[in-house]
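J.: If you scroll down you'll find the structure; I have some questions about it.
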Amino acid sequence: MTIEAKPQLPVPHPTPISQPFWDACLRHELTVQKCTSCGKLIFIPQDFCRYCFTETLEWVPSSGTGKVYSYTTVWRPQTPSFEVPYVVAIIDIDGGYQMLSNVINVPPDQVKVGMAVEVVWDDVTDTITLPKFQPRQA
Amino acid sequence: MGNIPLHDVAVVGVYNTKQARSLEGHTSRTITVEAIRGALDDAGMTLSDIDGLCIGGIGSRAFGYEAGLRHTWAANGGLVGVSGVLEAAAAISNGIVNTVLIASGSAGVYTQRESTAPWTRPSNEFVECWGLFTAAEFALVARRHMERYGTTPHQLATVAATIRNNGNINPGAVYYGRGPFTPEDVLNSRMIADPYHLLDCAMTSEGGGAMILTRADRAQDRPKPPVYVLGGGMEGEGPAYQHPPSYDMLDETGVGAAKRAFRMAGITPNDVDVCEFYDNFSWEVIRMLEVFGFCGQGEGGPFVESGAIQPGGKFPIVTDGGLMSFSHSGNVQRLQRIIQAVRQVRGDSVVNQVPNAHVAITNNGGAGALYTDVLLVGDQRP
Ligand SMILES: [Zn+2]
């Protein structure tokens, strides 16, 4: 995959808490926080557990696979730097958490709730790679 | 029923400035000040009657200084809307303050029209990079309801057409005279974020609004009849536009808020005469009808097609045109929903006055914003 500078697109600005997530994305690894006390997965990154309020969180590999929980095809872009149409979705990640992302490499009108998807990487800048999702390859 | 302190509070003045897509010659400050003057006139008061402040934009304490107004209370986090009214009402009923001025306004803010309005696209870390903005966030919630209950785009469009037709005949609405609309017109407008067409979404505009609350014993013999706070409730899951707006988390957000508000008021949804809902997106109104108890969970779609929400129906909604047609300037629309509820109860709505309206429900927020705040107002002190 070629690295194409798209400086006009908004990129995330990592915080000390989220930096490990974005560092892993640069290596094309999807990660998530796991609570070693209650076993639950937490996303977006926090410094304590949403479910049991302990601080025993560690970064673990995510399955990187899941299903489309909900989606919308956007025709009016957030800013002109986005090309329409694009699909924004909530992904139910296998293992038990949700994240917002885009569904790509599929015509928007073929995206459905429940569609099986897998992570695919978009190297946006030298320091930011965005996880996106595409229909799961057989 | 025991003594409910909030019942000792009344709205005695409301005012909306001119609303427009763009207010030439105004800034957010000047339009807010104009709204404040209007509300004081409506209440038959001057600034010297005010000792509490909840002012958006300018800021409560900044306005207090600039107006030379020693104040005994300033809002600590309540927005210019339901949460601010409830915070002010609590302070009044506890004797902290006597009379609170609530006001805000926006002008000259939305200038880059090739992008969505700035307040619709917060730059949050796990949201902005995937091209989200408010319409897309709200679409993600609506989609799950449609999948689960079979709610249709036509039902969403029925809500939008109803509200836009109310605004169409309101001379104060930004989109006065722009209709009438059928649900088919809504479905034929261009797609923004599926299932939301342009006409399913709130518009963007500029304007100001203001309100004055005071102790019930100071609310008598004013130019306008007092409108009492009957009950209120708030409920949230977290900050807006930072986390996935998951319907499974949000399907009951506001149920508890409405229950508390109705219990406090000692009434049920059947006692409500008019519903001045926060109509940021068409499907959200369907959800409000469900979570506030006007119909059952999943029944909101057929309910809006039953005629109940039309003028003359059992539960007329958003009678001034709301965020879709009256005005939506980025923050004061939260207060403007309450202002319209007050006008209905006073009997001086500019349009679509509901005959003998005694009780109005209003709310702020929505599933896509992860919170729902509810307020009930009425003409009888409970
Ligand atoms: Zn835990």
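We label chains A, B, ... in the order they appear in the structure tokens, count residues from 1 in each chain, and number ligands from 1 in the order shown.
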Can I get the residues close to ligand 1 as an mmCIF file with N, CA and C atoms, in the first residue's frame, where close means within 10 Å and we count only C-alpha atoms and all ligand atoms?
T.:
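Dumped everything to pocket-v5.cif:
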```
data_model
loop_
_atom_site.group_PDB
_atom_site.id
_atom_site.type_symbol
_atom_site.label_atom_id
_atom_site.label_comp_id
_atom_site.auth_asym_id
_atom_site.auth_seq_id
_atom_site.Cartn_x
_atom_site.Cartn_y
_atom_site.Cartn_z
ATOM 1 N N LYS A 34 -7.924 -4.421 27.445
ATOM 2 C CA LYS A 34 -8.641 -5.482 28.145
ATOM 3 C C LYS A 34 -8.447 -5.292 29.641
ATOM 4 N N CYS A 35 -9.536 -5.457 30.382
ATOM 5 C CA CYS A 35 -9.451 -5.354 31.834
ATOM 6 C C CYS A 35 -9.085 -6.725 32.384
ATOM 7 N N THR A 36 -7.937 -6.811 33.081
ATOM 8 C CA THR A 36 -7.503 -8.109 33.599
ATOM 9 C C THR A 36 -8.318 -8.507 34.824
ATOM 10 N N SER A 37 -9.085 -7.595 35.382
ATOM 11 C CA SER A 37 -9.925 -7.945 36.536
ATOM 12 C C SER A 37 -11.228 -8.585 36.112
ATOM 13 N N CYS A 38 -11.925 -7.974 35.127
ATOM 14 C CA CYS A 38 -13.240 -8.490 34.757
ATOM 15 C C CYS A 38 -13.264 -9.094 33.361
ATOM 16 N N GLY A 39 -12.183 -8.942 32.621
ATOM 17 C CA GLY A 39 -12.094 -9.606 31.320
ATOM 18 C C GLY A 39 -12.738 -8.849 30.172
ATOM 19 N N LYS A 40 -13.367 -7.704 30.450
ATOM 20 C CA LYS A 40 -14.069 -6.981 29.388
ATOM 21 C C LYS A 40 -13.096 -6.180 28.525
ATOM 22 N N LEU A 41 -13.528 -5.903 27.290
ATOM 23 C CA LEU A 41 -12.753 -5.069 26.374
ATOM 24 C C LEU A 41 -13.296 -3.637 26.428
ATOM 25 N N ILE A 42 -12.376 -2.665 26.360
ATOM 26 C CA ILE A 42 -12.765 -1.261 26.489
ATOM 27 C C ILE A 42 -12.250 -0.470 25.291
ATOM 28 N N PHE A 48 -9.269 3.747 33.143
ATOM 29 C CA PHE A 48 -9.840 2.790 34.094
ATOM 30 C C PHE A 48 -10.975 2.052 33.408
ATOM 31 N N CYS A 49 -11.398 0.945 34.029
ATOM 32 C CA CYS A 49 -12.386 0.075 33.385
ATOM 33 C C CYS A 49 -13.794 0.651 33.497
ATOM 34 N N ARG A 50 -14.507 0.628 32.400
ATOM 35 C CA ARG A 50 -15.912 1.081 32.352
ATOM 36 C C ARG A 50 -16.821 0.177 33.152
ATOM 37 N N TYR A 51 -16.414 -1.067 33.347
ATOM 38 C CA TYR A 51 -17.334 -2.071 33.890
ATOM 39 C C TYR A 51 -17.086 -2.365 35.367
ATOM 40 N N CYS A 52 -15.826 -2.263 35.817
ATOM 41 C CA CYS A 52 -15.573 -2.594 37.226
ATOM 42 C C CYS A 52 -14.726 -1.538 37.936
ATOM 43 N N PHE A 53 -14.403 -0.427 37.236
ATOM 44 C CA PHE A 53 -13.730 0.718 37.848
ATOM 45 C C PHE A 53 -12.400 0.351 38.489
ATOM 46 N N THR A 54 -11.699 -0.634 37.899
ATOM 47 C CA THR A 54 -10.317 -0.870 38.317
ATOM 48 C C THR A 54 -9.404 -0.260 37.251
ATOM 49 N N GLU A 55 -8.113 -0.181 37.579
ATOM 50 C CA GLU A 55 -7.168 0.408 36.624
ATOM 51 C C GLU A 55 -6.276 -0.658 36.005
ATOM 52 N N THR A 56 -6.784 -1.884 35.982
ATOM 53 C CA THR A 56 -5.988 -3.019 35.515
ATOM 54 C C THR A 56 -6.222 -3.261 34.026
ATOM 55 N N LEU A 57 -5.892 -2.247 33.207
ATOM 56 C CA LEU A 57 -6.106 -2.377 31.769
ATOM 57 C C LEU A 57 -4.791 -2.677 31.063
#
```
J.: Set the distance at 12 Å and use only C-alpha atoms: which residues neighbour Ser63 of chain A once local chain neighbours fewer than 4 positions away are removed? I'd like the list as number ranges by chain.
T.: A: 29-32, 41, 67, 92-97, 117-119
J.: Extract, using only C-alpha atoms, all DNA, RNA and protein residues at most 6 Å from Val68 of chain A, discarding same-chain residues fewer than 5 positions from it, and format them as a PyMOL selection string.
T.: chain A and resi 91+113-115
J.: I need the chosen residues saved as a JSON list (two decimals), in the first residue's frame, with N, CA and C atoms.
T.:
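The new file selection.json reads:
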```json
[["chain", "number", "residue", "atom", "x", "y", "z"],
["A", 91, "ILE", "N", -19.02, -0.78, 14.04],
["A", 91, "ILE", "CA", -18.67, -2.18, 13.86],
["A", 91, "ILE", "C", -18.75, -2.90, 15.21],
["A", 113, "VAL", "N", -26.63, -4.17, 7.53],
["A", 113, "VAL", "CA", -26.49, -4.52, 8.94],
["A", 113, "VAL", "C", -26.23, -6.03, 9.03],
["A", 114, "GLY", "N", -25.23, -6.40, 9.80],
["A", 114, "GLY", "CA", -24.90, -7.81, 9.96],
["A", 114, "GLY", "C", -23.81, -8.31, 9.01],
["A", 115, "MET", "N", -23.42, -7.47, 8.07],
["A", 115, "MET", "CA", -22.38, -7.87, 7.11],
["A", 115, "MET", "C", -21.06, -8.16, 7.83]]
```
J.: Applying 12 Å and only C-alpha atoms, which residues near Ala24 of chain A remain after dropping the ones on its own chain fewer than 3 positions away? List them as a list in words.
T.: Ser18, Gln19, Pro20, Phe21, Arg27, His28, Glu29, Leu30, Thr31, Val32, Trp59, Val60, Pro61, Ser62, Trp121, Thr127, Ile128, Thr129, Leu130 and Pro131 of chain A
J.: Could you write out the selected residues, including N, CA and C atoms, as a short mmCIF file (atom, residue, chain, number, x, y, z; two decimals), in the first residue's frame?
T.:
```cif
data_model
loop_
_atom_site.label_atom_id
_atom_site.label_comp_id
_atom_site.auth_asym_id
_atom_site.auth_seq_id
_atom_site.Cartn_x
_atom_site.Cartn_y
_atom_site.Cartn_z
N SER A 18 -4.21 7.24 24.36
CA SER A 18 -4.52 6.57 23.09
C SER A 18 -3.29 6.26 22.25
N GLN A 19 -2.13 6.80 22.62
CA GLN A 19 -0.94 6.65 21.79
C GLN A 19 -0.61 5.19 21.46
N PRO A 20 -0.71 4.27 22.42
CA PRO A 20 -0.42 2.86 22.07
C PRO A 20 -1.33 2.31 20.98
N PHE A 21 -2.57 2.75 20.96
CA PHE A 21 -3.49 2.30 19.92
C PHE A 21 -3.00 2.74 18.55
N ARG A 27 1.71 -0.18 12.73
CA ARG A 27 2.24 -1.53 12.43
C ARG A 27 1.15 -2.43 11.82
N HIS A 28 -0.01 -1.82 11.51
CA HIS A 28 -1.16 -2.57 10.97
C HIS A 28 -1.64 -3.65 11.94
N GLU A 29 -1.64 -3.28 13.22
CA GLU A 29 -2.19 -4.18 14.24
C GLU A 29 -3.31 -3.44 14.96
N LEU A 30 -4.50 -4.06 14.95
CA LEU A 30 -5.63 -3.48 15.69
C LEU A 30 -5.57 -3.99 17.12
N THR A 31 -5.57 -3.05 18.06
CA THR A 31 -5.48 -3.43 19.47
C THR A 31 -6.64 -2.83 20.24
N VAL A 32 -6.81 -3.34 21.44
CA VAL A 32 -7.91 -2.87 22.29
C VAL A 32 -7.46 -3.07 23.73
N TRP A 59 -3.12 -3.53 26.94
CA TRP A 59 -3.40 -3.55 25.50
C TRP A 59 -3.25 -4.98 24.98
N VAL A 60 -4.25 -5.45 24.25
CA VAL A 60 -4.20 -6.80 23.67
C VAL A 60 -4.59 -6.72 22.21
N PRO A 61 -4.21 -7.74 21.41
CA PRO A 61 -4.63 -7.73 20.00
C PRO A 61 -6.14 -7.87 19.91
N SER A 62 -6.72 -7.13 18.97
CA SER A 62 -8.14 -7.29 18.66
C SER A 62 -8.28 -8.32 17.55
N TRP A 121 -6.20 -1.36 6.27
CA TRP A 121 -5.45 -0.20 6.77
C TRP A 121 -5.35 0.91 5.75
N THR A 127 2.55 9.41 10.35
CA THR A 127 2.34 9.11 11.77
C THR A 127 0.96 8.56 12.08
N ILE A 128 0.07 8.59 11.10
CA ILE A 128 -1.28 8.10 11.34
C ILE A 128 -1.71 7.09 10.28
N THR A 129 -2.09 5.92 10.74
CA THR A 129 -2.75 4.92 9.91
C THR A 129 -4.13 4.67 10.50
N LEU A 130 -5.15 4.77 9.63
CA LEU A 130 -6.52 4.60 10.12
C LEU A 130 -7.00 3.18 9.87
N PRO A 131 -7.56 2.53 10.90
CA PRO A 131 -8.23 1.26 10.65
C PRO A 131 -9.59 1.51 10.00
#
```
J.: For the contact check between chain A and chain B, emit one row per residue of chain A within 9 Å, containing the shortest atom pair and the distance in Å rounded to one decimal, counting only C-alpha atoms, chain then rising number order, as JSON lines.
T.:
```
{"residue": "A:Leu9", "atom": "CA", "partner": "B:Cys129", "partner_atom": "CA", "distance": 7.3}
{"residue": "A:Pro10", "atom": "CA", "partner": "B:Cys129", "partner_atom": "CA", "distance": 5.3}
{"residue": "A:Val11", "atom": "CA", "partner": "B:Cys129", "partner_atom": "CA", "distance": 5.3}
{"residue": "A:Pro12", "atom": "CA", "partner": "B:Glu125", "partner_atom": "CA", "distance": 4.8}
{"residue": "A:His13", "atom": "CA", "partner": "B:Glu125", "partner_atom": "CA", "distance": 6.2}
{"residue": "A:Pro14", "atom": "CA", "partner": "B:Glu125", "partner_atom": "CA", "distance": 7.3}
{"residue": "A:Thr15", "atom": "CA", "partner": "B:Glu125", "partner_atom": "CA", "distance": 8.9}
{"residue": "A:Phe43", "atom": "CA", "partner": "B:His243", "partner_atom": "CA", "distance": 8.7}
{"residue": "A:Ile44", "atom": "CA", "partner": "B:His243", "partner_atom": "CA", "distance": 7.2}
{"residue": "A:Tyr69", "atom": "CA", "partner": "B:Arg144", "partner_atom": "CA", "distance": 7.8}
{"residue": "A:Ser70", "atom": "CA", "partner": "B:Leu140", "partner_atom": "CA", "distance": 5.6}
{"residue": "A:Tyr71", "atom": "CA", "partner": "B:Leu140", "partner_atom": "CA", "distance": 5.6}
{"residue": "A:Thr72", "atom": "CA", "partner": "B:Asp194", "partner_atom": "CA", "distance": 5.2}
{"residue": "A:Thr73", "atom": "CA", "partner": "B:Asp194", "partner_atom": "CA", "distance": 5.3}
{"residue": "A:Val74", "atom": "CA", "partner": "B:Ala193", "partner_atom": "CA", "distance": 4.3}
{"residue": "A:Trp75", "atom": "CA", "partner": "B:Ile192", "partner_atom": "CA", "distance": 5.0}
{"residue": "A:Arg76", "atom": "CA", "partner": "B:Ile192", "partner_atom": "CA", "distance": 4.8}
{"residue": "A:Pro77", "atom": "CA", "partner": "B:Ser115", "partner_atom": "CA", "distance": 7.1}
{"residue": "A:Gln78", "atom": "CA", "partner": "B:Gly131", "partner_atom": "CA", "distance": 5.7}
{"residue": "A:Thr79", "atom": "CA", "partner": "B:Ser115", "partner_atom": "CA", "distance": 4.4}
{"residue": "A:Pro80", "atom": "CA", "partner": "B:Ser115", "partner_atom": "CA", "distance": 6.3}
{"residue": "A:Phe82", "atom": "CA", "partner": "B:Gly131", "partner_atom": "CA", "distance": 6.9}
{"residue": "A:Tyr86", "atom": "CA", "partner": "B:Gly131", "partner_atom": "CA", "distance": 8.3}
{"residue": "A:Val87", "atom": "CA", "partner": "B:Trp130", "partner_atom": "CA", "distance": 8.9}
{"residue": "A:Val88", "atom": "CA", "partner": "B:Trp130", "partner_atom": "CA", "distance": 6.8}
{"residue": "A:Ala89", "atom": "CA", "partner": "B:Leu140", "partner_atom": "CA", "distance": 7.2}
{"residue": "A:Ile90", "atom": "CA", "partner": "B:Pro244", "partner_atom": "CA", "distance": 6.3}
{"residue": "A:Ile91", "atom": "CA", "partner": "B:Pro244", "partner_atom": "CA", "distance": 8.9}
{"residue": "A:Gln98", "atom": "CA", "partner": "B:Pro244", "partner_atom": "CA", "distance": 6.9}
{"residue": "A:Met99", "atom": "CA", "partner": "B:Pro244", "partner_atom": "CA", "distance": 6.2}
{"residue": "A:Leu100", "atom": "CA", "partner": "B:Pro244", "partner_atom": "CA", "distance": 5.7}
{"residue": "A:Ser101", "atom": "CA", "partner": "B:Trp130", "partner_atom": "CA", "distance": 5.7}
{"residue": "A:Asn102", "atom": "CA", "partner": "B:Trp130", "partner_atom": "CA", "distance": 6.0}
{"residue": "A:Val113", "atom": "CA", "partner": "B:Glu147", "partner_atom": "CA", "distance": 8.1}
{"residue": "A:Leu130", "atom": "CA", "partner": "B:Cys129", "partner_atom": "CA", "distance": 8.1}
{"residue": "A:Lys132", "atom": "CA", "partner": "B:Trp130", "partner_atom": "CA", "distance": 8.6}
```
